Structure formats: C-alpha cells, structure tokens
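What follows is the content of query_1.cif (mmCIF, C-alpha atoms (C1' of nucleotides)).
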```
data_entry
loop_
_atom_site.label_atom_id
_atom_site.label_comp_id
_atom_site.auth_asym_id
_atom_site.auth_seq_id
_atom_site.Cartn_x
_atom_site.Cartn_y
_atom_site.Cartn_z
CA MET A 237 47.77 -8.30 25.57
CA PRO A 238 48.80 -11.03 23.28
CA GLU A 239 52.42 -10.97 22.26
CA LEU A 240 54.40 -14.19 22.07
CA PRO A 241 54.49 -14.91 25.84
CA GLU A 242 50.75 -14.42 26.23
CA VAL A 243 50.00 -16.65 23.26
CA GLU A 244 52.34 -19.31 24.64
CA THR A 245 50.54 -19.03 27.97
CA TYR A 246 47.18 -19.41 26.21
CA ARG A 247 48.53 -22.45 24.40
CA ARG A 248 49.51 -24.09 27.68
CA TYR A 249 46.10 -23.30 29.12
CA PHE A 250 44.47 -24.80 26.05
CA ASP A 251 46.60 -27.97 26.39
CA LEU A 252 45.33 -28.41 29.95
CA THR A 253 41.69 -27.83 29.06
CA ALA A 254 40.40 -28.10 25.49
CA LEU A 255 43.05 -30.38 24.01
CA GLY A 256 41.66 -33.79 23.11
CA LYS A 257 38.05 -32.61 23.17
CA THR A 258 35.67 -32.98 20.25
CA ILE A 259 33.80 -30.01 18.81
CA ILE A 260 30.08 -30.43 18.28
CA HIS A 261 29.12 -26.87 17.41
CA LEU A 262 30.43 -23.38 16.84
CA GLU A 263 28.91 -20.02 17.61
CA VAL A 264 30.24 -16.89 15.91
CA GLU A 265 29.08 -13.42 16.86
CA ASP A 266 30.65 -11.44 14.01
CA HIS A 267 31.58 -13.17 10.77
CA ARG A 268 34.10 -10.44 9.99
CA GLN A 269 36.41 -12.12 12.50
CA LEU A 270 36.51 -15.30 10.42
CA THR A 271 39.13 -15.89 7.76
CA THR A 272 37.28 -18.97 6.55
CA ASP A 273 33.70 -18.97 5.29
CA TYR A 274 31.32 -19.61 8.18
CA ASP A 275 29.56 -22.63 6.67
CA LEU A 276 32.82 -24.27 5.68
CA LEU A 277 34.26 -23.62 9.14
CA GLN A 278 31.21 -25.05 10.86
CA GLN A 279 31.29 -28.09 8.60
CA SER A 280 35.03 -28.65 9.07
CA LEU A 281 34.92 -28.31 12.85
CA LYS A 282 31.82 -30.31 13.62
CA GLY A 283 32.96 -33.70 14.88
CA ALA A 284 36.63 -32.73 14.79
CA THR A 285 38.88 -33.61 17.72
CA LEU A 286 41.59 -31.16 18.78
CA THR A 287 44.68 -33.33 18.66
CA ASP A 288 47.71 -31.08 18.93
CA THR A 289 48.83 -27.47 19.32
CA SER A 290 51.70 -25.34 18.14
CA ARG A 291 52.58 -21.71 17.84
CA ILE A 292 54.45 -19.46 15.45
CA GLY A 293 55.01 -16.04 16.98
CA LYS A 294 51.59 -14.73 17.97
CA HIS A 295 49.71 -17.29 15.87
CA PHE A 296 48.12 -20.22 17.69
CA LEU A 297 47.70 -23.35 15.58
CA ILE A 298 45.50 -26.27 16.54
CA THR A 299 45.75 -29.54 14.61
CA LEU A 300 42.41 -31.25 14.04
CA SER A 301 41.78 -34.98 13.71
CA SER A 302 41.05 -34.31 10.03
CA GLY A 303 44.59 -33.02 9.56
CA LYS A 304 43.37 -29.47 8.97
CA ILE A 305 44.66 -26.64 11.14
CA LEU A 306 42.48 -24.30 13.16
CA VAL A 307 44.24 -20.96 13.50
CA LEU A 308 43.60 -18.42 16.23
CA HIS A 309 45.11 -14.96 16.18
CA PHE A 310 44.37 -12.83 19.20
CA GLY A 311 44.75 -9.35 17.77
CA MET A 312 45.08 -6.67 20.44
CA THR A 313 42.77 -8.04 23.11
CA GLY A 314 42.21 -11.74 22.51
CA ASN A 315 42.03 -14.38 25.26
CA LEU A 316 40.65 -17.86 25.92
CA MET A 317 38.36 -19.27 28.57
CA TYR A 318 37.28 -22.87 29.11
CA TYR A 319 34.09 -23.21 31.11
CA ARG A 320 30.96 -25.33 31.46
CA ASP A 321 27.97 -23.31 32.59
CA ALA A 322 26.31 -20.84 30.27
CA GLU A 323 26.16 -18.29 33.08
CA ASP A 324 29.96 -18.27 33.13
CA THR A 325 30.17 -17.15 29.51
CA PRO A 326 32.72 -14.35 29.58
CA ARG A 327 31.93 -10.84 28.41
CA PHE A 328 33.14 -10.26 24.84
CA ALA A 329 33.08 -13.96 23.94
CA ARG A 330 33.15 -13.61 20.14
CA VAL A 331 33.49 -17.24 19.10
CA ILE A 332 32.38 -20.17 21.25
CA PHE A 333 33.45 -23.76 20.61
CA TYR A 334 31.07 -26.33 22.10
CA PHE A 335 32.51 -29.70 23.06
CA SER A 336 30.90 -33.11 23.36
CA ASN A 337 31.70 -33.21 27.11
CA GLY A 338 29.47 -30.21 27.78
CA TYR A 339 32.30 -27.71 28.18
CA LYS A 340 32.92 -24.68 25.98
CA LEU A 341 35.92 -22.67 24.91
CA ALA A 342 35.36 -18.94 24.41
CA PHE A 343 37.52 -16.88 22.10
CA ILE A 344 37.27 -13.57 23.92
CA ASP A 345 38.17 -10.36 22.10
CA SER A 346 36.76 -7.00 23.11
CA ARG A 347 38.29 -5.02 20.23
CA LYS A 348 37.55 -7.58 17.54
CA PHE A 349 40.94 -7.47 15.84
CA GLY A 350 41.36 -11.20 16.47
CA ARG A 351 40.83 -13.78 13.72
CA VAL A 352 39.72 -17.41 13.52
CA GLY A 353 40.03 -19.64 10.48
CA LEU A 354 41.40 -22.77 8.86
CA ALA A 355 44.68 -23.60 7.18
CA ASP A 356 45.73 -26.66 5.21
CA SER A 357 48.98 -27.14 7.06
CA ILE A 358 51.32 -25.32 9.38
CA GLU A 359 53.86 -24.82 6.61
CA THR A 360 51.26 -23.46 4.19
CA TYR A 361 50.06 -21.04 6.79
CA LYS A 362 53.53 -19.86 7.70
CA LYS A 363 54.28 -19.21 4.05
CA GLN A 364 50.96 -17.57 3.36
CA LYS A 365 51.36 -15.14 6.26
CA ASN A 366 55.02 -14.59 5.42
CA LEU A 367 56.14 -15.36 8.97
CA GLY A 368 59.79 -15.44 9.89
CA PRO A 369 61.24 -17.81 12.49
CA ASP A 370 59.62 -17.78 15.89
CA ALA A 371 61.37 -15.20 18.06
CA LEU A 372 62.35 -17.91 20.55
CA ASP A 373 64.04 -19.94 17.81
CA VAL A 374 65.70 -17.29 15.68
CA THR A 375 69.48 -17.69 15.60
CA LEU A 376 72.01 -14.88 15.77
CA PRO A 377 73.17 -15.45 12.16
CA GLN A 378 69.56 -15.38 10.97
CA LEU A 379 68.93 -12.17 12.85
CA LYS A 380 72.08 -10.58 11.53
CA ALA A 381 71.30 -11.59 7.96
CA SER A 382 67.85 -10.04 8.02
CA LEU A 383 68.95 -6.79 9.70
CA GLU A 384 72.32 -5.90 8.26
CA LYS A 385 71.05 -4.45 4.98
CA ARG A 386 68.05 -2.64 6.37
CA LYS A 387 67.95 1.07 7.08
CA ALA A 388 64.69 1.23 8.99
CA PRO A 389 64.79 1.87 12.75
CA ILE A 390 65.64 -1.31 14.62
CA LYS A 391 62.42 -1.04 16.60
CA ALA A 392 60.30 -1.06 13.43
CA LEU A 393 62.07 -4.19 12.22
CA LEU A 394 61.63 -6.00 15.53
CA LEU A 395 57.90 -5.54 14.99
CA ASP A 396 58.12 -6.98 11.46
CA GLN A 397 56.74 -10.51 11.74
CA SER A 398 58.50 -11.64 8.56
CA ILE A 399 61.90 -11.06 10.19
CA LEU A 400 61.05 -12.76 13.46
CA ALA A 401 57.62 -13.74 14.67
CA GLY A 402 56.23 -12.86 18.07
CA VAL A 403 57.68 -9.51 19.14
CA GLY A 404 55.12 -6.78 19.76
CA ASN A 405 55.30 -3.23 21.00
CA TRP A 406 56.16 -3.72 24.64
CA ILE A 407 58.62 -6.54 24.01
CA ALA A 408 60.40 -4.51 21.35
CA ASP A 409 60.89 -1.70 23.88
CA GLU A 410 61.92 -4.11 26.63
CA VAL A 411 64.41 -5.91 24.42
CA LEU A 412 66.02 -2.68 23.23
CA PHE A 413 66.20 -1.41 26.80
CA GLN A 414 67.84 -4.62 28.04
CA ALA A 415 70.24 -4.59 25.07
CA ARG A 416 70.87 -0.84 25.59
CA ILE A 417 70.16 0.08 21.99
CA PHE A 418 68.57 3.33 20.82
CA PRO A 419 65.22 2.33 19.25
CA ALA A 420 65.57 4.60 16.19
CA LYS A 421 69.03 3.36 15.33
CA PRO A 422 69.10 2.20 11.69
CA ALA A 423 69.35 -1.59 11.73
CA ASN A 424 72.32 -1.65 9.36
CA THR A 425 74.40 0.40 11.81
CA LEU A 426 74.20 -2.13 14.64
CA THR A 427 77.60 -3.53 15.58
CA ASN A 428 78.19 -7.26 15.97
CA LEU A 429 78.28 -6.75 19.72
CA GLU A 430 74.94 -4.93 19.63
CA LEU A 431 73.44 -7.72 17.53
CA GLU A 432 74.65 -10.25 20.10
CA HIS A 433 73.13 -8.25 22.93
CA LEU A 434 69.92 -7.87 20.97
CA HIS A 435 69.67 -11.57 20.28
CA ARG A 436 70.34 -12.45 23.91
CA ALA A 437 67.83 -9.86 25.14
CA ILE A 438 65.12 -11.31 22.89
CA GLN A 439 65.65 -14.75 24.42
CA VAL A 440 65.86 -13.48 28.00
CA VAL A 441 62.82 -11.21 27.82
CA LEU A 442 60.62 -13.81 26.12
CA GLN A 443 61.70 -16.68 28.37
CA THR A 444 61.26 -14.57 31.49
CA ALA A 445 57.79 -13.51 30.39
CA ILE A 446 56.77 -17.09 29.61
CA ASP A 447 58.15 -18.36 32.92
CA GLU A 448 56.01 -15.76 34.69
CA GLU A 449 53.01 -16.70 32.54
CA ALA A 450 53.00 -13.18 31.11
CA ILE A 451 51.95 -11.68 34.43
CA TYR A 452 53.67 -8.32 34.24
CA HIS A 453 53.91 -7.39 37.86
CA ASN A 454 55.96 -10.53 38.54
CA PHE A 455 58.63 -9.53 36.05
CA PRO A 456 62.10 -8.57 37.36
CA LYS A 457 62.47 -5.13 38.90
CA ASP A 458 64.85 -3.96 36.20
CA PHE A 459 62.30 -4.51 33.43
CA LEU A 460 61.13 -1.40 31.64
CA ILE A 461 57.60 -2.75 31.50
CA HIS A 462 56.94 -1.58 35.04
CA SER A 463 57.25 1.96 33.72
CA ARG A 464 54.51 1.62 31.13
CA GLY A 465 51.63 2.24 33.48
CA TRP A 466 49.88 -1.10 33.15
CA GLU A 467 50.42 -2.21 36.70
CA ASP A 468 47.49 -3.51 38.70
CA SER A 469 47.63 -0.52 40.99
CA PRO A 470 48.87 2.29 38.79
CA LYS A 471 51.32 4.64 40.39
CA PRO A 472 51.13 8.34 39.66
CA VAL A 473 52.65 9.19 36.30
CA LEU A 474 55.67 10.91 37.82
CA GLU A 475 56.64 7.87 39.87
CA ARG A 476 56.06 5.50 37.04
CA GLU A 477 57.65 6.77 33.88
CA VAL A 478 61.22 6.60 35.07
CA CYS A 479 64.11 4.34 34.14
CA PRO A 480 64.34 1.37 36.53
CA ARG A 481 68.14 1.79 36.56
CA HIS A 482 68.51 5.57 36.84
CA GLN A 483 65.15 6.71 38.17
CA SER A 484 65.49 9.40 35.52
CA ALA A 485 62.65 10.38 33.22
CA LEU A 486 62.00 8.09 30.27
CA THR A 487 61.58 9.40 26.76
CA ILE A 488 58.25 8.62 25.15
CA ALA A 489 58.04 8.97 21.37
CA LYS A 490 56.38 7.54 18.28
CA MET A 491 58.69 5.13 16.50
CA GLY A 492 57.84 2.43 14.01
CA GLY A 493 54.33 3.80 14.21
CA ARG A 494 53.96 2.90 17.90
CA THR A 495 54.40 4.58 21.24
CA THR A 496 57.95 3.87 22.32
CA TYR A 497 59.43 4.07 25.82
CA PHE A 498 63.15 4.27 26.30
CA CYS A 499 65.90 5.73 28.49
CA LEU A 500 68.32 8.12 26.82
CA LEU A 501 70.96 7.34 29.45
CA CYS A 502 70.79 3.57 28.89
CA GLN A 503 70.08 3.80 25.18
CA PRO A 504 71.97 6.84 23.86
CA VAL A 505 71.68 7.96 20.24
"C1'" DC B 139 33.15 13.81 23.81
"C1'" DT B 140 37.85 12.69 22.71
"C1'" DC B 141 41.59 9.76 22.37
"C1'" DA B 142 45.01 6.01 22.85
"C1'" DG B 143 45.73 1.18 22.28
"C1'" DT B 144 49.05 -4.88 23.32
"C1'" DG B 145 48.35 -6.03 15.97
"C1'" DT B 146 48.03 -6.46 11.04
"C1'" DT B 147 47.31 -4.89 6.41
"C1'" DC B 148 47.21 -1.91 2.72
"C1'" DA B 149 47.84 2.41 0.00
"C1'" DG B 150 51.11 5.72 -1.18
"C1'" DT B 151 55.81 7.34 -1.79
"C1'" DG B 152 60.50 7.15 -3.24
"C1'" DT C 117 59.69 -4.82 -7.15
"C1'" DC C 118 61.41 -3.46 -2.88
"C1'" DA C 119 61.83 -0.69 1.46
"C1'" DC C 120 59.59 2.18 4.19
"C1'" DT C 121 55.83 5.17 6.41
"C1'" DG C 122 51.52 6.15 8.08
"C1'" DA C 123 46.70 5.47 8.14
"C1'" DA C 124 42.90 2.39 8.70
"C1'" DC C 125 40.56 -1.17 10.91
"C1'" DA C 126 36.62 -2.03 15.66
"C1'" DC C 127 35.87 -1.30 19.89
"C1'" DT C 128 36.47 -0.30 24.88
"C1'" DG C 129 37.57 2.32 28.66
"C1'" DA C 130 39.92 6.21 30.72
#
```
Entire entry expressed as structure tokens:
Amino acid sequence: MPELPEVETYRRYFDLTALGKTIIHLEVEDHRQLTTDYDLLQQSLKGATLTDTSRIGKHFLITLSSGKILVLHFGMTGNLMYYRDAEDTPRFARVIFYFSNGYKLAFIDSRKFGRVGLADSIETYKKQKNLGPDALDVTLPQLKASLEKRKAPIKALLLDQSILAGVGNWIADEVLFQARIFPAKPANTLTNLELEHLHRAIQVVLQTAIDEEAIYHNFPKDFLIHSRGWEDSPKPVLEREVCPRHQSALTIAKMGGRTTYFCLLCQPV
DNA sequence: CTCAGTGTTCAGTG
DNA sequence: TCACTGAACACTGA
C-alpha cells in the first residue's frame, strides 16, 4: 500500500539490508515494468554498488557507485524483501537483484503497476516526472501558492504529485478528516486558517504513519483509516464505517476519481 | 463471474 | 496551453 510512509519504511528497510551491497545480476519477469531498456539496465547495474538512498514522495531513489540513480516506484502493491535462500523467494517477485554476498532483493508487486529504471540524477528525475516538493517538506506558503488559484476539489489536488509528492488516496482522506475540511471544497475557497490546518494535518498524519512504520492498526484511535475496512480482523461493515469521533455513519463517494471516506459532521460542506 | 483497488498517465473537453 | 475529468492500465482476491 505504498504511499509516502510505506515508501519511507521500505527505504529504511533497504538501508538496513541491501545498502552497500554490490549487484552481480538482475532478473526481470516482465519487461513492461522497466522504464529503462533491459540490456542497458543489466549492463548499468552489473558490478554497481548501492551507495545511498533518498526519496521524493512515493519515488525511491538509489544512488549507484557509478553516479547513476536506480529508481523504484511501487505502484499500487509494491514491496521489498531481502533474503538469501531461493526457497524464500516471495510470491509475486517481479524483479530480483542478486548481490555478491549471496543475498537477493526482491521487488514484489502483485498488480504490476510498479516500475524500475534508471535516471541520470535526482534533479533530472524530479524534473522529468514533474514532482512537487516532498509532502513532508512542503511549506505552508508553498502549499498556499499552489492551491489558491485552483478550482478543483481539494482532495483531487492533494493527490496531484506536482503540487506535493507523496499523498495518496487514504492519506488525502485522513488529512482532510484531521483538518476538518470537506473533500470536494474548491481549493481556492480554503481560508488561511483551513490552509494552516491542512498543512499541519499533512505533517502530523505522515509523521505518525512513519513512526508506526505504516502499520495501520497501530495508528491513533481517532484516525479515519480504521474505518476503511483494511484492519487485520475486519469488523462488520456497520461497526466499521463510522466516524471515530461521532460514531455516526461516514459518507462514501467518488471524488478526484477515487473512493473517498469522510464525515459530514466533522467536514461539513 | 464480477468488481474494486493503495497509483500514474493520457485522451478528451472546455 | 492550461485546468480539469474520467478512463485505461494489469492483476489479484473478495
């Protein structure tokens, strides 16, 4: 479920496992998941050491000893696993990096929306993908400047990676719930106070999720996410889809092209 | 068998 | 050109 907190959690996992290792070989199940020609990728990665990591929004960037950047994007279902024995190869391993120490790193992705490829530099990549500031770094003035002239629903713009990078569907809903803003409200009608609340909610939701390593059931009780029905032991629908503050029924609607959960009492029109 | 889905991109419209 | 909307993408699992 890779939004910014998941990708940050993957990055930390990578730093504790694959970082510093040297690639000797690459296995790719489906070339359609590559954004760089297979032969070129193989050639560029063979012998390369993974020297550093960074992240912009949901994009995971790995600096190679050659100076090139290996980019992983996890799509809807991407994940990583570092392992040694072939029998531990995870199901849906789509790309496997083999290291000189005998270990492997699997890029797991059941739905195959994830992508793997090379970039010349972090800046080039950011520009090429038209990414805005990372959602953890965006300042209130930046946020205000990119929202105040836009008429689209605020939720749709929170999902726009060129405005801020890293917010996905559940975080957009969570942030708007915490900031008590109606998701379909046109962005240019947000008051300064609402923009402040929005900015603070982005920071709080993302930092909380990262601190909990993106494990949803550990999130605070007043988080809307518990009402989405992704819990480990799903409650019946009627017990689940209620506002954590009011216990009243949530509204579920399509907004910004995605399923949107919100509370009309907390987030009035 | 049908359908929704955590993300991104592109075609079409105004 | 820009802002915006909605469909398409590939696949799994309910």
Do you know which residues are at most 10 Å from Ala437 in chain A counting only C-alpha atoms (C1' of nucleotides), after dropping those on the same chain fewer than 6 positions away, and could you put them as a compact mmCIF listing (two decimals) with C-alpha atoms, keeping the file's coordinate frame?
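File around.txt, as written:
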```
# COMPACT_ATOMS: atom_id res chain seq x y z
CA ILE A 407 58.62 -6.54 24.01
CA ALA A 408 60.40 -4.51 21.35
CA GLU A 410 61.92 -4.11 26.63
CA VAL A 411 64.41 -5.91 24.42
CA LEU A 412 66.02 -2.68 23.23
CA PHE A 413 66.20 -1.41 26.80
CA GLN A 414 67.84 -4.62 28.04
CA ALA A 415 70.24 -4.59 25.07
CA ARG A 416 70.87 -0.84 25.59
CA LEU A 431 73.44 -7.72 17.53
CA GLN A 443 61.70 -16.68 28.37
```
Could you list, as a PDB file with C-alpha atoms (C1' of nucleotides), in the frame of the given file, every residue within 9 Å of DT121 in chain C, counting all atoms listed in the file and ignoring same-chain residues fewer than 3 positions away?
```
ATOM      1  CA  GLY A 492      57.840   2.430  14.010  1.00  0.00           C
ATOM      2  CA  GLY A 493      54.330   3.800  14.210  1.00  0.00           C
TER       3      GLY A 493
ATOM      4  C1'  DG B 150      51.110   5.720  -1.180  1.00  0.00           C
ATOM      5  C1'  DT B 151      55.810   7.340  -1.790  1.00  0.00           C
TER       6       DT B 151
END
```
Q: Determine which residues of chain A sit within 10 Å of chain C, taking into account all atoms listed in the file, and present them as number ranges by chain.
A: A: 345-349, 386-388, 392, 492-493
(Q) I need the contact residues of chain A against chain B, so if you could list those with any atom within 7 Å, counting all atoms listed in the file, and return them as a PyMOL selection string, that would help. (A) chain A and resi 237-238+311-312+405
Q.
Could you list, as a list in words, every residue matched by the PyMOL selection byres ((chain A and resi 267) around 12) in this structure?
A. Leu262, Glu263, Val264, Glu265, Asp266, Arg268, Gln269, Leu270, Thr271, Thr272, Asp273, Tyr274, Asp275, Leu277, Gln278, Arg330, Val331, Lys348, Gly350, Arg351, Val352 and Gly353 of chain A
Q: For Phe333 in chain A, please output as a ChimeraX atom specification all residues within 8 Å (counting only C-alpha atoms (C1' of nucleotides); exclusion window: fewer than 2 positions along the same chain).
A: /A:259-263,331,335,340-342
Restricting it to C-alpha atoms, dump the selection as a PDB file, in the frame of the given file.
```pdb
ATOM      1  CA  ILE A 259      33.800 -30.010  18.810  1.00  0.00           C
ATOM      2  CA  ILE A 260      30.080 -30.430  18.280  1.00  0.00           C
ATOM      3  CA  HIS A 261      29.120 -26.870  17.410  1.00  0.00           C
ATOM      4  CA  LEU A 262      30.430 -23.380  16.840  1.00  0.00           C
ATOM      5  CA  GLU A 263      28.910 -20.020  17.610  1.00  0.00           C
ATOM      6  CA  VAL A 331      33.490 -17.240  19.100  1.00  0.00           C
ATOM      7  CA  PHE A 335      32.510 -29.700  23.060  1.00  0.00           C
ATOM      8  CA  LYS A 340      32.920 -24.680  25.980  1.00  0.00           C
ATOM      9  CA  LEU A 341      35.920 -22.670  24.910  1.00  0.00           C
ATOM     10  CA  ALA A 342      35.360 -18.940  24.410  1.00  0.00           C
TER      11      ALA A 342
END
```
Q: Measure the distance from CA of Tyr318 in chain A to CA of Ile332 in chain A in Å and round it to one decimal.
A: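 We find that CA of Tyr318 in chain A and CA of Ile332 in chain A lie 9.6 Å from each other.
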Q: Anything within 10 Å of (62.6, 4.8, 13.7): list those residues as an NGL selection string, counting only C-alpha atoms (C1' of nucleotides) and sticking to the file's coordinates.
A: (:A and (387-393 or 418-423 or 489-494 or 496)) or (:C and (121))
Could you save those same residues with C-alpha atoms (C1' of nucleotides) as a compact mmCIF listing (two decimals), keeping the file's coordinate frame?
```txt
# COMPACT_ATOMS: atom_id res chain seq x y z
CA LYS A 387 67.95 1.07 7.08
CA ALA A 388 64.69 1.23 8.99
CA PRO A 389 64.79 1.87 12.75
CA ILE A 390 65.64 -1.31 14.62
CA LYS A 391 62.42 -1.04 16.60
CA ALA A 392 60.30 -1.06 13.43
CA LEU A 393 62.07 -4.19 12.22
CA PHE A 418 68.57 3.33 20.82
CA PRO A 419 65.22 2.33 19.25
CA ALA A 420 65.57 4.60 16.19
CA LYS A 421 69.03 3.36 15.33
CA PRO A 422 69.10 2.20 11.69
CA ALA A 423 69.35 -1.59 11.73
CA ALA A 489 58.04 8.97 21.37
CA LYS A 490 56.38 7.54 18.28
CA MET A 491 58.69 5.13 16.50
CA GLY A 492 57.84 2.43 14.01
CA GLY A 493 54.33 3.80 14.21
CA ARG A 494 53.96 2.90 17.90
CA THR A 496 57.95 3.87 22.32
C1' DT C 121 55.83 5.17 6.41
```
Q) What residues come out when you apply the PyMOL selection byres ((chain A and resi 358-374) around 10) to this file, written as an NGL selection string? A) :A and (240-241 or 290-295 or 297-299 or 304-307 or 354-357 or 375-379 or 382 or 394 or 396-403 or 435 or 438-443)
Q: Grab the CA of Ile417 in chain A to CA of Gln503 in chain A distance for me, in Å with one decimal place.
A: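 These two atoms are separated by 4.9 Å.
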Q. If you count all atoms listed in the file, which residues fall within 10 Å of Lys457 in chain A, apart from same-chain ones fewer than 4 positions away, as a VMD selection string?
A. chain A and resid 453 461 to 462 480 to 481
**Q.** Proximity to Val505 in chain A - best of A:Thr245, A:Thr325, A:Ser336, A:Thr425, all atoms listed in the file
**A.**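 Nearest candidate to Val505 in chain A out of A:Thr245, A:Thr325, A:Ser336, A:Thr425: A:Thr425.
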